Amino acid sequence: MSAAGRFAPSPSSELHLGNLRTALIAWLAARSQGAPFHLRIDDLDAGRSRPEIAARQLADLAALGLDHDGPVPWQSQRTERYSAAFAALEASGDVYPCFCTRAEIRDASRAPHGAPTAGYPGTCRDLTDAQRAARIASGRVPAWRFRADPAAVAFDDRVLGAQSLPAEDAVLRRADGAFGYQLAVVLDDADQAIGEVVRGADLLGSCATQRQLQDRLDLPHTTYAHVPLMVGADGARLAKRHGASGLADALAGRLDVTLPGLPPGVPATAVQVRSALALTAGLTEPGAQPTLDDLVCTFSYERLPTGSTMMHGCSS
């Protein structure tokens, strides 16, 4: 049996059609390989996470027929695991305190000609003990950043092909004590025995940092498949600003974006929505309503579109 796949939504907003399509692709990728498929609730952001939203997210996935194996862990219940791993990184010198504010990072990241540079500029990476002590004495509480290796990380993406990307000095623990996403995700994936991570192409840039963290923590490598996004008419990743775009909206006939085969203002069934999502991903033909078994049998990464899928407003 192949290594497991997963889908890990954040319960801060409803799943939109783009999220659901990624979940469908991730589920099909796992099931087509005879692999387990796991869910996880990424609720590190306690201020924005809501249990009732998580419940609706799980219900949406179930309505589309996307079942899962095993329990559904919540990141908020795994802080002891994150704390132990962070302590190991601290003991080995793989993290350092960062006292920068967001405004300072933004200003320092600008090149002389005014164009912003990617990532954290390393302002606090090599502070002396005296400089750190002075910042602490001034009342600043540090976040803790990963001391990344500057060498590019090479890996093969199942969708995008060969990649070579730099890792970043990501925040692994915030000034308020909360753990960072990059630390949590590599631990979560390792503990769920995730072998292949299927997610949106906008997350490609985090791969190098996660691969280096896996190495520092002696965790197994995952493989990656970054799938094309669904975007609004403005070219930006589908989000709240594009209006009603979730499963409940489609079932009630109140979508604010178009989905092929679903007339505007007409309630759809879950099967129709799933078929429309599969169509936008190149996994079925117009007018077809394949079963999940049909989709599993014919699934291939090579069938996915090479670019983002634009979702227009229903009135356009």
# chains A, B, ... in the order shown; residues from 1 in each chain; ligands from 1
>>> residues_around(residues="Leu213 of chain A", least_positions_apart="3", cutoff="9 Å", atoms="only C-alpha atoms", output="PyMOL selection string")
chain A and resi 146+148+182-183+186+208-210+216-219
>>> residues_around(residues="Gln33 of chain A", least_positions_apart="3", cutoff="12 Å", atoms="only C-alpha atoms", output="list in words")
Met1, Ser2, Ala3, Ala4, Gly5, Ala26, Trp27, Leu28, Ala29, Ala30, Pro36, Phe37, Gly195, Glu196, Val296, Cys297, Thr298, Phe299, Ser300 and Tyr301 of chain A
>>> residues_around(residues="segment 92-98 of chain A", least_positions_apart="3", cutoff="7 Å", atoms="only C-alpha atoms", output="list of chain:residue names")
A:Ala88, A:Leu89, A:Cys124, A:Arg125, A:Pro142, A:Ala143, A:Trp144, A:Arg145, A:Phe146, A:Arg147
>>> atom_distance(atom1="atom CA of Gly180 of chain A", atom2="atom CA of Gly119 of chain A")
15.4 Å
>>> select_by_dssp(residues="segment 141-223 of chain A", states="strand (DSSP E)", output="number ranges by chain")
A: 143-146, 153-157, 161-165, 171-173, 196-200, 223
>>> write_last_selection(atoms="N, CA and C atoms", output="PDB file, in the first residue's frame")
ATOM      1  N   ALA A 143      10.021  36.470  18.814  1.00  0.00           N
ATOM      2  CA  ALA A 143       9.570  35.240  18.180  1.00  0.00           C
ATOM      3  C   ALA A 143      10.820  34.397  17.936  1.00  0.00           C
ATOM      4  N   TRP A 144      10.636  33.151  17.525  1.00  0.00           N
ATOM      5  CA  TRP A 144      11.782  32.280  17.265  1.00  0.00           C
ATOM      6  C   TRP A 144      11.711  31.777  15.835  1.00  0.00           C
ATOM      7  N   ARG A 145      12.792  32.005  15.106  1.00  0.00           N
ATOM      8  CA  ARG A 145      12.847  31.647  13.698  1.00  0.00           C
ATOM      9  C   ARG A 145      13.762  30.446  13.453  1.00  0.00           C
ATOM     10  N   PHE A 146      13.436  29.725  12.408  1.00  0.00           N
ATOM     11  CA  PHE A 146      14.239  28.606  11.947  1.00  0.00           C
ATOM     12  C   PHE A 146      15.524  29.120  11.307  1.00  0.00           C
ATOM     13  N   VAL A 153      16.923  23.871  -2.103  1.00  0.00           N
ATOM     14  CA  VAL A 153      16.474  22.491  -1.897  1.00  0.00           C
ATOM     15  C   VAL A 153      15.843  22.000  -3.192  1.00  0.00           C
ATOM     16  N   ALA A 154      16.351  20.890  -3.705  1.00  0.00           N
ATOM     17  CA  ALA A 154      15.833  20.320  -4.949  1.00  0.00           C
ATOM     18  C   ALA A 154      14.866  19.181  -4.636  1.00  0.00           C
ATOM     19  N   PHE A 155      13.751  19.134  -5.345  1.00  0.00           N
ATOM     20  CA  PHE A 155      12.789  18.049  -5.185  1.00  0.00           C
ATOM     21  C   PHE A 155      11.922  17.981  -6.436  1.00  0.00           C
ATOM     22  N   ASP A 156      11.266  16.857  -6.609  1.00  0.00           N
ATOM     23  CA  ASP A 156      10.366  16.671  -7.741  1.00  0.00           C
ATOM     24  C   ASP A 156       8.928  16.794  -7.279  1.00  0.00           C
ATOM     25  N   ASP A 157       8.164  17.631  -7.945  1.00  0.00           N
ATOM     26  CA  ASP A 157       6.751  17.804  -7.658  1.00  0.00           C
ATOM     27  C   ASP A 157       5.957  16.963  -8.651  1.00  0.00           C
ATOM     28  N   GLY A 161       6.775  19.225 -11.631  1.00  0.00           N
ATOM     29  CA  GLY A 161       8.072  18.749 -12.084  1.00  0.00           C
ATOM     30  C   GLY A 161       9.214  19.150 -11.162  1.00  0.00           C
ATOM     31  N   ALA A 162      10.418  19.163 -11.702  1.00  0.00           N
ATOM     32  CA  ALA A 162      11.624  19.428 -10.916  1.00  0.00           C
ATOM     33  C   ALA A 162      11.607  20.851 -10.371  1.00  0.00           C
ATOM     34  N   GLN A 163      11.933  20.981  -9.088  1.00  0.00           N
ATOM     35  CA  GLN A 163      11.948  22.274  -8.420  1.00  0.00           C
ATOM     36  C   GLN A 163      13.267  22.446  -7.662  1.00  0.00           C
ATOM     37  N   SER A 164      13.699  23.679  -7.532  1.00  0.00           N
ATOM     38  CA  SER A 164      14.853  24.018  -6.704  1.00  0.00           C
ATOM     39  C   SER A 164      14.556  25.354  -6.046  1.00  0.00           C
ATOM     40  N   LEU A 165      14.301  25.335  -4.738  1.00  0.00           N
ATOM     41  CA  LEU A 165      13.801  26.509  -4.038  1.00  0.00           C
ATOM     42  C   LEU A 165      14.586  26.768  -2.763  1.00  0.00           C
ATOM     43  N   VAL A 171       9.048  31.630  11.095  1.00  0.00           N
ATOM     44  CA  VAL A 171       8.752  31.698  12.530  1.00  0.00           C
ATOM     45  C   VAL A 171       8.211  30.341  12.973  1.00  0.00           C
ATOM     46  N   LEU A 172       8.893  29.726  13.916  1.00  0.00           N
ATOM     47  CA  LEU A 172       8.461  28.439  14.453  1.00  0.00           C
ATOM     48  C   LEU A 172       7.735  28.585  15.782  1.00  0.00           C
ATOM     49  N   ARG A 173       7.965  29.715  16.450  1.00  0.00           N
ATOM     50  CA  ARG A 173       7.199  30.016  17.662  1.00  0.00           C
ATOM     51  C   ARG A 173       7.041  31.523  17.754  1.00  0.00           C
ATOM     52  N   GLU A 196       2.384  11.626   0.776  1.00  0.00           N
ATOM     53  CA  GLU A 196       2.229  12.520  -0.367  1.00  0.00           C
ATOM     54  C   GLU A 196       1.297  13.661   0.018  1.00  0.00           C
ATOM     55  N   VAL A 197       1.811  14.876  -0.057  1.00  0.00           N
ATOM     56  CA  VAL A 197       1.042  16.068   0.279  1.00  0.00           C
ATOM     57  C   VAL A 197       0.511  16.689  -1.004  1.00  0.00           C
ATOM     58  N   VAL A 198      -0.803  16.703  -1.137  1.00  0.00           N
ATOM     59  CA  VAL A 198      -1.464  17.340  -2.271  1.00  0.00           C
ATOM     60  C   VAL A 198      -2.084  18.633  -1.763  1.00  0.00           C
ATOM     61  N   ARG A 199      -1.727  19.764  -2.355  1.00  0.00           N
ATOM     62  CA  ARG A 199      -2.241  21.056  -1.900  1.00  0.00           C
ATOM     63  C   ARG A 199      -2.145  22.058  -3.035  1.00  0.00           C
ATOM     64  N   GLY A 200      -2.662  23.271  -2.794  1.00  0.00           N
ATOM     65  CA  GLY A 200      -2.680  24.294  -3.828  1.00  0.00           C
ATOM     66  C   GLY A 200      -1.299  24.786  -4.207  1.00  0.00           C
ATOM     67  N   THR A 223       6.503  13.446  -0.340  1.00  0.00           N
ATOM     68  CA  THR A 223       6.518  13.926  -1.713  1.00  0.00           C
ATOM     69  C   THR A 223       5.405  14.962  -1.846  1.00  0.00           C
TER      70      THR A 223
END
>>> decode(residues="segment 97-193 of chain A", atoms="C-alpha atoms", output="CSV table (one decimal), in the first residue's frame")
chain,number,residue,atom,x,y,z
A,97,PRO,CA,15.2,34.9,18.6
A,98,CYS,CA,13.8,37.5,16.3
A,99,PHE,CA,12.8,40.9,17.8
A,100,CYS,CA,11.6,42.5,14.5
A,101,THR,CA,8.1,44.0,14.2
A,102,ARG,CA,6.2,43.5,11.0
A,103,ALA,CA,6.8,47.0,10.0
A,104,GLU,CA,10.6,46.6,10.5
A,105,ILE,CA,10.6,43.4,8.4
A,106,ARG,CA,8.7,45.1,5.6
A,107,ASP,CA,11.0,48.1,5.6
A,108,ALA,CA,14.2,45.9,5.8
A,109,SER,CA,13.0,43.6,3.0
A,110,ARG,CA,13.0,46.4,0.5
A,111,ALA,CA,15.9,46.6,-1.9
A,112,PRO,CA,17.5,50.0,-2.5
A,113,HIS,CA,15.3,50.6,-5.6
A,114,GLY,CA,12.2,50.0,-3.5
A,115,ALA,CA,11.1,46.6,-4.7
A,116,PRO,CA,10.4,44.1,-1.9
A,117,THR,CA,12.7,41.0,-1.6
A,118,ALA,CA,11.3,37.6,-0.8
A,119,GLY,CA,11.4,36.2,2.7
A,120,TYR,CA,12.8,37.4,6.0
A,121,PRO,CA,16.0,39.5,5.5
A,122,GLY,CA,17.8,37.9,8.4
A,123,THR,CA,18.0,41.0,10.6
A,124,CYS,CA,18.2,39.1,13.9
A,125,ARG,CA,20.0,36.0,12.6
A,126,ASP,CA,23.5,36.9,13.8
A,127,LEU,CA,22.9,39.3,16.7
A,128,THR,CA,25.4,39.2,19.5
A,129,ASP,CA,24.5,38.2,23.0
A,130,ALA,CA,24.8,41.8,24.0
A,131,GLN,CA,22.5,43.0,21.2
A,132,ARG,CA,19.9,40.4,22.2
A,133,ALA,CA,20.2,41.3,25.8
A,134,ALA,CA,19.6,45.0,24.9
A,135,ARG,CA,16.5,44.2,23.0
A,136,ILE,CA,15.1,42.1,25.8
A,137,ALA,CA,15.9,44.9,28.3
A,138,SER,CA,14.0,47.3,26.2
A,139,GLY,CA,10.9,45.2,26.6
A,140,ARG,CA,10.8,43.3,23.3
A,141,VAL,CA,9.6,39.7,23.4
A,142,PRO,CA,11.1,37.7,20.6
A,143,ALA,CA,9.6,35.2,18.2
A,144,TRP,CA,11.8,32.3,17.3
A,145,ARG,CA,12.8,31.6,13.7
A,146,PHE,CA,14.2,28.6,11.9
A,147,ARG,CA,17.9,28.9,11.0
A,148,ALA,CA,17.5,27.7,7.5
A,149,ASP,CA,20.4,26.5,5.3
A,150,PRO,CA,20.8,29.0,2.5
A,151,ALA,CA,21.4,26.3,-0.1
A,152,ALA,CA,18.5,25.7,-2.5
A,153,VAL,CA,16.5,22.5,-1.9
A,154,ALA,CA,15.8,20.3,-4.9
A,155,PHE,CA,12.8,18.0,-5.2
A,156,ASP,CA,10.4,16.7,-7.7
A,157,ASP,CA,6.8,17.8,-7.7
A,158,ARG,CA,4.2,15.3,-9.0
A,159,VAL,CA,2.4,18.1,-10.9
A,160,LEU,CA,5.0,20.9,-11.5
A,161,GLY,CA,8.1,18.7,-12.1
A,162,ALA,CA,11.6,19.4,-10.9
A,163,GLN,CA,11.9,22.3,-8.4
A,164,SER,CA,14.9,24.0,-6.7
A,165,LEU,CA,13.8,26.5,-4.0
A,166,PRO,CA,15.3,28.3,-1.1
A,167,ALA,CA,14.2,27.7,2.5
A,168,GLU,CA,13.2,30.6,4.7
A,169,ASP,CA,13.9,31.5,8.3
A,170,ALA,CA,10.2,30.9,9.1
A,171,VAL,CA,8.8,31.7,12.5
A,172,LEU,CA,8.5,28.4,14.5
A,173,ARG,CA,7.2,30.0,17.7
A,174,ARG,CA,5.5,33.4,17.9
A,175,ALA,CA,6.2,36.0,20.6
A,176,ASP,CA,2.9,35.0,22.2
A,177,GLY,CA,4.1,31.4,22.5
A,178,ALA,CA,1.9,30.0,19.7
A,179,PHE,CA,3.7,27.5,17.4
A,180,GLY,CA,4.2,28.3,13.8
A,181,TYR,CA,2.5,26.4,10.9
A,182,GLN,CA,5.8,25.2,9.3
A,183,LEU,CA,6.8,23.4,12.5
A,184,ALA,CA,3.4,21.9,13.2
A,185,VAL,CA,2.8,20.7,9.6
A,186,VAL,CA,5.9,18.6,9.4
A,187,LEU,CA,5.2,17.0,12.7
A,188,ASP,CA,1.6,16.4,11.9
A,189,ASP,CA,2.4,14.8,8.6
A,190,ALA,CA,5.0,12.6,10.1
A,191,ASP,CA,2.7,11.4,12.9
A,192,GLN,CA,-0.1,10.6,10.5
A,193,ALA,CA,2.4,8.8,8.2
